[in-house]
file query.txt (compact mmCIF, C-alpha atoms)
# COMPACT_ATOMS: atom_id res chain seq x y z
CA MET A 406 -11.74 -7.77 -14.09
CA ASP A 407 -14.14 -10.71 -14.24
CA GLN A 408 -17.00 -9.94 -11.85
CA LYS A 409 -17.21 -13.64 -11.02
CA GLN A 410 -13.72 -13.81 -9.58
CA LYS A 411 -13.29 -14.22 -5.85
CA VAL A 412 -10.66 -12.52 -3.72
CA ALA A 413 -9.68 -13.69 -0.23
CA PHE A 414 -7.83 -11.53 2.30
CA LEU A 415 -5.74 -13.53 4.75
CA GLY A 416 -5.50 -10.99 7.54
CA ALA A 417 -7.93 -8.36 8.75
CA GLY A 418 -5.73 -5.47 9.89
CA SER A 419 -5.87 -1.80 8.97
CA MET A 420 -4.21 -2.20 5.56
CA ALA A 421 -6.56 -5.05 4.65
CA GLU A 422 -9.48 -2.84 5.61
CA ALA A 423 -8.13 0.09 3.57
CA MET A 424 -7.89 -2.15 0.50
CA ILE A 425 -11.31 -3.72 1.09
CA SER A 426 -12.89 -0.30 1.47
CA GLY A 427 -11.37 0.90 -1.80
CA MET A 428 -12.40 -2.21 -3.71
CA VAL A 429 -15.97 -2.11 -2.40
CA ASN A 430 -16.34 1.59 -3.18
CA ALA A 431 -14.92 1.15 -6.69
CA LYS A 432 -17.32 -1.76 -7.34
CA LYS A 433 -14.71 -3.78 -9.22
CA LEU A 434 -16.21 -6.92 -7.69
CA PRO A 435 -19.48 -7.69 -5.91
CA ALA A 436 -18.92 -7.23 -2.18
CA GLU A 437 -19.90 -10.86 -1.55
CA ASN A 438 -16.99 -11.97 -3.77
CA ILE A 439 -14.54 -10.39 -1.33
CA ILE A 440 -13.72 -12.69 1.57
CA VAL A 441 -11.78 -11.80 4.69
CA THR A 442 -10.40 -14.23 7.21
CA ASN A 443 -8.13 -14.39 10.23
CA ARG A 444 -7.24 -16.98 12.81
CA SER A 445 -9.16 -16.00 15.92
CA ASN A 446 -10.54 -12.45 16.06
CA ASP A 447 -14.22 -13.12 15.34
CA ALA A 448 -15.26 -9.65 16.48
CA ARG A 449 -13.00 -8.04 13.87
CA LEU A 450 -14.38 -10.28 11.13
CA HIS A 451 -17.97 -9.41 12.04
CA GLU A 452 -17.05 -5.73 12.11
CA LEU A 453 -15.67 -5.83 8.54
CA GLU A 454 -18.55 -7.99 7.30
CA ASN A 455 -21.16 -5.58 8.67
CA ARG A 456 -19.31 -2.46 7.53
CA TYR A 457 -18.63 -3.47 3.92
CA GLY A 458 -21.09 -6.26 3.12
CA ILE A 459 -18.28 -8.71 2.38
CA THR A 460 -18.02 -12.36 3.43
CA ALA A 461 -16.11 -13.09 6.63
CA VAL A 462 -15.04 -16.57 7.72
CA LYS A 463 -12.63 -18.09 10.20
CA ARG A 464 -9.33 -19.16 8.69
CA SER A 465 -10.08 -22.80 9.39
CA GLU A 466 -13.38 -22.54 7.49
CA LEU A 467 -12.06 -20.87 4.33
CA LYS A 468 -12.77 -22.89 1.19
CA THR A 469 -9.89 -22.22 -1.16
CA ASP A 470 -10.92 -24.15 -4.29
CA ASP A 471 -12.94 -21.31 -5.82
CA ILE A 472 -10.63 -18.44 -4.78
CA ASP A 473 -8.91 -16.75 -7.72
CA VAL A 474 -6.71 -14.29 -5.82
CA PHE A 475 -5.29 -14.59 -2.31
CA ILE A 476 -4.12 -11.36 -0.67
CA LEU A 477 -1.69 -11.99 2.19
CA ALA A 478 -2.22 -9.12 4.62
CA MET A 479 -1.19 -10.57 7.97
CA LYS A 480 1.84 -9.48 10.01
CA PRO A 481 5.17 -10.46 8.38
CA LYS A 482 6.24 -12.51 11.39
CA GLY A 483 3.38 -14.91 10.68
CA ALA A 484 4.27 -15.32 7.01
CA GLU A 485 6.03 -18.68 7.14
CA GLU A 486 3.28 -20.36 9.14
CA ALA A 487 0.59 -18.91 6.89
CA LEU A 488 2.37 -19.92 3.68
CA ASN A 489 3.02 -23.46 4.91
CA GLU A 490 -0.63 -23.75 5.86
CA LEU A 491 -1.78 -22.34 2.53
CA LYS A 492 0.42 -24.56 0.32
CA PRO A 493 -1.66 -27.77 0.42
CA GLN A 494 -4.86 -25.77 -0.09
CA ILE A 495 -4.00 -23.99 -3.34
CA ASN A 496 -2.59 -24.72 -6.77
CA LYS A 497 0.08 -22.89 -8.74
CA ASP A 498 -2.44 -21.23 -11.05
CA GLN A 499 -4.09 -19.32 -8.22
CA LEU A 500 -2.62 -15.84 -7.83
CA VAL A 501 -1.01 -14.78 -4.56
CA LEU A 502 -0.69 -11.05 -3.87
CA SER A 503 1.50 -10.29 -0.88
CA VAL A 504 1.30 -7.13 1.21
CA LEU A 505 3.92 -8.63 3.56
CA ALA A 506 6.55 -5.94 4.08
CA GLY A 507 10.10 -7.24 3.78
CA ILE A 508 9.17 -10.72 2.50
CA SER A 509 10.59 -11.37 -0.96
CA SER A 510 8.67 -13.05 -3.75
CA PHE A 511 11.51 -15.58 -4.04
CA TYR A 512 11.01 -16.65 -0.42
CA MET A 513 7.27 -17.04 -0.94
CA GLU A 514 7.80 -19.03 -4.14
CA GLU A 515 10.09 -21.40 -2.24
CA LEU A 516 7.48 -22.04 0.44
CA LEU A 517 4.60 -22.46 -2.00
CA HIS A 518 4.39 -24.58 -5.17
CA ASP A 519 7.00 -24.67 -7.91
CA GLU A 520 6.10 -21.90 -10.36
CA GLN A 521 3.56 -20.36 -7.98
CA GLN A 522 2.29 -17.03 -9.30
CA VAL A 523 3.32 -14.47 -6.68
CA ILE A 524 3.21 -10.68 -6.90
CA ARG A 525 4.44 -8.39 -4.14
CA VAL A 526 2.17 -5.43 -3.46
CA MET A 527 2.90 -2.21 -1.61
CA PRO A 528 -0.14 0.05 -1.18
CA ASN A 529 -0.38 2.97 1.23
CA THR A 530 -3.10 4.07 3.61
CA SER A 531 -4.77 6.30 1.03
CA SER A 532 -6.29 3.05 -0.26
CA MET A 533 -9.21 3.88 2.03
CA ILE A 534 -10.26 6.74 -0.26
CA GLN A 535 -9.12 5.10 -3.52
CA GLN A 536 -6.07 7.37 -3.82
CA SER A 537 -3.23 4.96 -3.01
CA ALA A 538 0.12 4.97 -4.73
CA THR A 539 0.56 1.20 -5.06
CA ALA A 540 3.62 -0.66 -6.31
CA ILE A 541 3.49 -4.19 -7.65
CA SER A 542 6.50 -6.36 -8.30
CA PRO A 543 5.84 -9.62 -10.19
CA GLY A 544 7.65 -12.75 -9.10
CA GLN A 545 9.54 -14.86 -11.62
CA TYR A 546 6.54 -17.10 -12.38
CA ALA A 547 3.83 -14.43 -12.60
CA ALA A 548 2.24 -14.55 -16.06
CA MET A 549 1.25 -11.39 -17.90
CA ASP A 550 -2.42 -12.20 -17.28
CA ALA A 551 -1.69 -12.31 -13.55
CA VAL A 552 0.04 -8.92 -13.69
CA LEU A 553 -2.91 -7.45 -15.58
CA THR A 554 -5.33 -8.93 -13.04
CA ALA A 555 -3.32 -7.41 -10.18
CA LYS A 556 -3.18 -4.02 -11.89
CA GLU A 557 -6.90 -3.96 -12.58
CA LEU A 558 -7.83 -5.14 -9.09
CA LEU A 559 -5.52 -2.69 -7.36
CA SER A 560 -6.51 0.21 -9.61
CA ALA A 561 -9.67 0.17 -7.48
CA ILE A 562 -7.64 1.71 -4.66
CA GLY A 563 -5.57 4.22 -6.65
CA LYS A 564 -2.70 4.44 -9.11
CA VAL A 565 -0.59 1.32 -9.74
CA TYR A 566 3.12 1.24 -10.59
CA VAL A 567 4.99 -1.87 -11.79
CA ILE A 568 8.53 -1.86 -10.42
CA ASP A 569 11.42 -4.29 -9.92
CA GLU A 570 11.61 -5.90 -6.50
CA PRO A 571 14.88 -4.16 -5.43
CA GLN A 572 13.05 -0.84 -5.85
CA MET A 573 10.47 -1.75 -3.21
CA ASP A 574 12.54 -0.19 -0.42
CA ILE A 575 12.82 3.26 -1.99
CA PHE A 576 9.15 3.03 -2.96
CA THR A 577 8.43 2.43 0.73
CA GLY A 578 10.50 5.48 1.61
CA ILE A 579 8.47 7.65 -0.77
CA ALA A 580 4.94 6.26 -0.88
CA GLY A 581 4.66 3.93 2.09
CA SER A 582 5.90 6.55 4.55
CA GLY A 583 4.93 9.56 2.44
CA PRO A 584 1.49 10.20 3.96
CA ALA A 585 3.16 10.65 7.36
CA TYR A 586 5.51 13.28 5.89
CA PHE A 587 2.51 15.24 4.68
CA TYR A 588 0.71 14.97 8.02
CA PHE A 589 3.90 16.10 9.77
CA LEU A 590 4.09 19.11 7.46
CA MET A 591 0.44 19.95 8.15
CA GLU A 592 1.02 19.78 11.91
CA HIS A 593 3.60 22.55 11.57
CA ILE A 594 1.50 24.61 9.17
CA GLU A 595 -1.31 24.52 11.74
CA LYS A 596 1.09 25.51 14.50
CA ALA A 597 2.43 28.49 12.52
CA ALA A 598 -1.12 29.55 11.60
CA LYS A 599 -2.22 29.45 15.24
CA GLU A 600 0.74 31.59 16.28
CA GLU A 601 -0.26 34.11 13.60
CA GLY A 602 -3.88 34.18 14.72
CA LEU A 603 -5.50 31.93 12.08
CA ASP A 604 -7.88 29.18 13.17
CA PRO A 605 -5.96 25.84 12.97
CA GLU A 606 -8.88 23.98 11.35
CA LEU A 607 -9.15 26.63 8.65
CA ALA A 608 -5.37 26.49 8.18
CA ARG A 609 -5.63 22.71 7.83
CA GLU A 610 -8.20 23.01 5.05
CA ILE A 611 -6.27 25.77 3.27
CA GLY A 612 -2.98 23.87 3.53
CA ALA A 613 -4.47 20.58 2.33
CA GLN A 614 -6.19 22.24 -0.63
CA THR A 615 -3.00 24.10 -1.55
CA ILE A 616 -0.89 20.95 -1.53
CA TYR A 617 -3.58 18.95 -3.32
CA GLY A 618 -3.77 21.60 -6.06
CA ALA A 619 0.00 21.77 -6.40
CA ALA A 620 0.21 17.98 -6.68
CA ARG A 621 -2.51 17.89 -9.35
CA MET A 622 -0.74 20.64 -11.28
CA MET A 623 2.54 18.72 -11.22
CA MET A 624 0.84 15.51 -12.40
CA GLU A 625 -1.03 17.23 -15.24
CA ARG A 626 1.82 19.32 -16.64
CA ASP A 627 5.13 18.45 -18.26
CA GLU A 628 7.24 20.79 -16.11
CA THR A 629 9.62 19.41 -13.51
CA PRO A 630 9.19 20.25 -9.82
CA THR A 631 12.13 22.65 -10.16
CA GLU A 632 10.51 24.47 -13.07
CA LEU A 633 7.18 24.72 -11.26
CA ARG A 634 8.88 26.07 -8.15
CA GLU A 635 10.83 28.66 -10.14
CA ASN A 636 7.66 29.75 -11.94
CA VAL A 637 5.97 30.74 -8.68
CA THR A 638 9.01 32.29 -7.02
CA SER A 639 9.53 36.02 -7.62
CA PRO A 640 12.85 37.58 -6.53
CA ASN A 641 12.55 39.10 -3.05
CA GLY A 642 8.88 38.03 -2.86
CA THR A 643 6.96 36.14 -0.21
CA THR A 644 7.61 32.71 -1.74
CA ALA A 645 11.34 33.44 -1.94
CA ALA A 646 11.31 34.42 1.73
CA GLY A 647 9.57 31.18 2.65
CA LEU A 648 11.97 29.07 0.59
CA ASP A 649 14.95 30.90 2.09
CA ALA A 650 13.66 29.97 5.55
CA LEU A 651 13.28 26.34 4.49
CA ALA A 652 16.84 26.27 3.14
CA LYS A 653 18.20 27.97 6.28
CA HIS A 654 16.60 25.35 8.51
CA GLY A 655 17.52 22.40 6.33
CA GLY A 656 14.06 21.70 4.95
CA GLY A 657 15.16 20.13 1.66
CA GLU A 658 17.93 18.08 3.22
CA ALA A 659 15.58 16.93 5.97
CA MET A 660 13.10 15.63 3.39
CA MET A 661 15.83 13.78 1.48
CA GLN A 662 17.06 12.19 4.70
CA ALA A 663 13.50 11.21 5.65
CA VAL A 664 13.03 9.31 2.39
CA LYS A 665 16.49 7.73 2.60
CA GLY A 666 16.00 6.85 6.27
CA ALA A 667 12.69 5.11 5.62
CA SER A 668 14.20 3.25 2.66
CA LYS A 669 17.20 2.17 4.72
CA ARG A 670 14.96 0.93 7.51
CA SER A 671 12.89 -1.02 4.98
CA LYS A 672 16.07 -2.79 3.82
CA GLU A 673 17.08 -3.53 7.41
CA MET A 674 13.67 -4.94 8.28
CA SER A 675 13.67 -7.06 5.13
CA ALA A 676 17.10 -8.48 5.97
CA GLN A 677 16.01 -9.25 9.55
CA LEU A 678 12.82 -10.95 8.45
CA GLN A 679 14.59 -13.02 5.78
CA LYS A 680 17.26 -14.05 8.32
CA VAL A 681 14.64 -15.20 10.82
CA ALA A 682 12.71 -17.01 8.10
CA SER A 683 15.80 -18.83 6.80
CA THR A 684 16.68 -20.17 10.26
CA ASN A 685 13.21 -21.55 11.01
call {"tool": "encode", "arguments": {"input": "query.txt", "output": "structure tokens"}}
result
Amino acid sequence: MDQKQKVAFLGAGSMAEAMISGMVNAKKLPAENIIVTNRSNDARLHELENRYGITAVKRSELKTDDIDVFILAMKPKGAEEALNELKPQINKDQLVLSVLAGISSFYMEELLHDEQQVIRVMPNTSSMIQQSATAISPGQYAAMDAVLTAKELLSAIGKVYVIDEPQMDIFTGIAGSGPAYFYFLMEHIEKAAKEEGLDPELAREIGAQTIYGAARMMMERDETPTELRENVTSPNGTTAAGLDALAKHGGGEAMMQAVKGASKRSKEMSAQLQKVASTN
């Protein structure tokens, strides 16, 4: 990515900070080329400016002419107002990346210029340590150069996947909500370890390293998850006993329903947001 390009975050919440942190640590751009803005929370802007060495300005003071990429990271309910305000300040060649959950690229294109380059982005909270699973879904006017720019910029915070927009909901169910599934699992591993006399903090480290190693193994080998599981499961062994307990208590089905439930809720939220937006 061109080191001279400038990126502006419209919104200064936790996801914006996670992305800023990843980008600064990866050194894809000079910190001073990353700008963050919001409407009124000056204390938050100063906090981010001091923490990451980026440029922070009030929304009313943002100069948009020299911004190459706008990243919309405010709350979805403020999307229409923000887009209407942004429209007269930008041109169709400037790239808009949207982290607005449930807001379609088509809706954003309608509110902005004809043929505005819009790309929906769905990172997760592991952006903070540059290990996000991030989906991008190009809008109908996004040129290949814009897609490549988005991929390169977002590769600073982890691995990037290009998907079709209808797949955003299931991606949310897997990657957006996925970190919480892992933390939930670790809560119960710690609880079981404590009941068996193992220090919970030690159990946390052991469990995290075990899952991290298993994930790396799956990503670096050609075997399927089923094949890998079968390879480490001896008949009547300890792993078989553990898997039997999981099956007895609905572990696999529970995980499937968690992913499907999060995906379903993502669809519902999207429909609600689009309905509200269309009536305003």
call {"tool": "atom_distance", "arguments": {"input": "query.txt", "atom1": "atom CA of A:Leu517", "atom2": "atom CA of A:Gln494"}}
result
10.2 Å
call {"tool": "residues_around", "arguments": {"input": "query.txt", "residues": "stretch 418-421 of chain A", "least_positions_apart": "6", "cutoff": "12 Å", "atoms": "all atoms listed in the file", "output": "compact mmCIF listing (two decimals) with C-alpha atoms, keeping the file's coordinate frame"}}
result
# COMPACT_ATOMS: atom_id res chain seq x y z
CA VAL A 412 -10.66 -12.52 -3.72
CA GLY A 427 -11.37 0.90 -1.80
CA MET A 428 -12.40 -2.21 -3.71
CA ILE A 439 -14.54 -10.39 -1.33
CA ILE A 440 -13.72 -12.69 1.57
CA VAL A 441 -11.78 -11.80 4.69
CA THR A 442 -10.40 -14.23 7.21
CA ASN A 443 -8.13 -14.39 10.23
CA ARG A 444 -7.24 -16.98 12.81
CA ASN A 446 -10.54 -12.45 16.06
CA ARG A 449 -13.00 -8.04 13.87
CA LEU A 450 -14.38 -10.28 11.13
CA GLU A 452 -17.05 -5.73 12.11
CA LEU A 453 -15.67 -5.83 8.54
CA PHE A 475 -5.29 -14.59 -2.31
CA ILE A 476 -4.12 -11.36 -0.67
CA LEU A 477 -1.69 -11.99 2.19
CA ALA A 478 -2.22 -9.12 4.62
CA MET A 479 -1.19 -10.57 7.97
CA LYS A 480 1.84 -9.48 10.01
CA LEU A 502 -0.69 -11.05 -3.87
CA SER A 503 1.50 -10.29 -0.88
CA VAL A 504 1.30 -7.13 1.21
CA LEU A 505 3.92 -8.63 3.56
CA ALA A 506 6.55 -5.94 4.08
CA VAL A 526 2.17 -5.43 -3.46
CA MET A 527 2.90 -2.21 -1.61
CA PRO A 528 -0.14 0.05 -1.18
CA ASN A 529 -0.38 2.97 1.23
CA THR A 530 -3.10 4.07 3.61
CA SER A 531 -4.77 6.30 1.03
CA SER A 532 -6.29 3.05 -0.26
CA MET A 533 -9.21 3.88 2.03
CA SER A 537 -3.23 4.96 -3.01
CA ILE A 562 -7.64 1.71 -4.66
CA GLY A 581 4.66 3.93 2.09
call {"tool": "atom_distance", "arguments": {"input": "query.txt", "atom1": "atom CA of A:Thr539", "atom2": "atom CA of A:Tyr457"}}
result
21.7 Å
call {"tool": "atom_distance", "arguments": {"input": "query.txt", "atom1": "atom CA of A:Lys497", "atom2": "atom CA of A:Glu466"}}
result
21.1 Å
call {"tool": "residues_near_point", "arguments": {"input": "query.txt", "point": "(-3.7, -18.9, 0.8)", "cutoff": "9 Å", "atoms": "only C-alpha atoms", "output": "compact mmCIF listing (two decimals) with C-alpha atoms, in the frame of the given file"}}
result
# COMPACT_ATOMS: atom_id res chain seq x y z
CA ALA A 413 -9.68 -13.69 -0.23
CA PHE A 414 -7.83 -11.53 2.30
CA LEU A 415 -5.74 -13.53 4.75
CA THR A 469 -9.89 -22.22 -1.16
CA ILE A 472 -10.63 -18.44 -4.78
CA VAL A 474 -6.71 -14.29 -5.82
CA PHE A 475 -5.29 -14.59 -2.31
CA ILE A 476 -4.12 -11.36 -0.67
CA LEU A 477 -1.69 -11.99 2.19
CA ALA A 487 0.59 -18.91 6.89
CA LEU A 488 2.37 -19.92 3.68
CA GLU A 490 -0.63 -23.75 5.86
CA LEU A 491 -1.78 -22.34 2.53
CA LYS A 492 0.42 -24.56 0.32
CA GLN A 494 -4.86 -25.77 -0.09
CA ILE A 495 -4.00 -23.99 -3.34
CA VAL A 501 -1.01 -14.78 -4.56
call {"tool": "closest_residue", "arguments": {"input": "query.txt", "among": "A:Lys596, A:Arg464, A:Lys556, A:Arg525", "to": "A:Glu570", "atoms": "only C-alpha atoms"}}
result
A:Arg525
call {"tool": "closest_residue", "arguments": {"input": "query.txt", "among": "A:Gly583, A:Gly602, A:Pro493, A:Gly563", "to": "A:Val664", "atoms": "only C-alpha atoms"}}
result
A:Gly583
call {"tool": "closest_residue", "arguments": {"input": "query.txt", "among": "A:Ala608, A:Leu558, A:Ile579, A:Leu516", "to": "A:Lys665", "atoms": "all atoms listed in the file"}}
result
A:Ile579
call {"tool": "closest_residue", "arguments": {"input": "query.txt", "among": "A:Ala417, A:Val552, A:Pro481, A:Pro584", "to": "A:Val462", "atoms": "only C-alpha atoms"}}
result
A:Ala417
call {"tool": "closest_residue", "arguments": {"input": "query.txt", "among": "A:Leu553, A:Gln536, A:Arg609, A:Glu486", "to": "A:Phe589", "atoms": "only C-alpha atoms"}}
result
A:Arg609
call {"tool": "closest_residue", "arguments": {"input": "query.txt", "among": "A:Phe576, A:Tyr588, A:Tyr512, A:Tyr617", "to": "A:Ala538", "atoms": "only C-alpha atoms"}}
result
A:Phe576
call {"tool": "residues_around", "arguments": {"input": "query.txt", "residues": "A:Gln572", "least_positions_apart": "5", "cutoff": "10 Å", "atoms": "all atoms listed in the file", "output": "list in words"}}
result
Ala540, Ser542, Thr577 and Ser668 of chain A
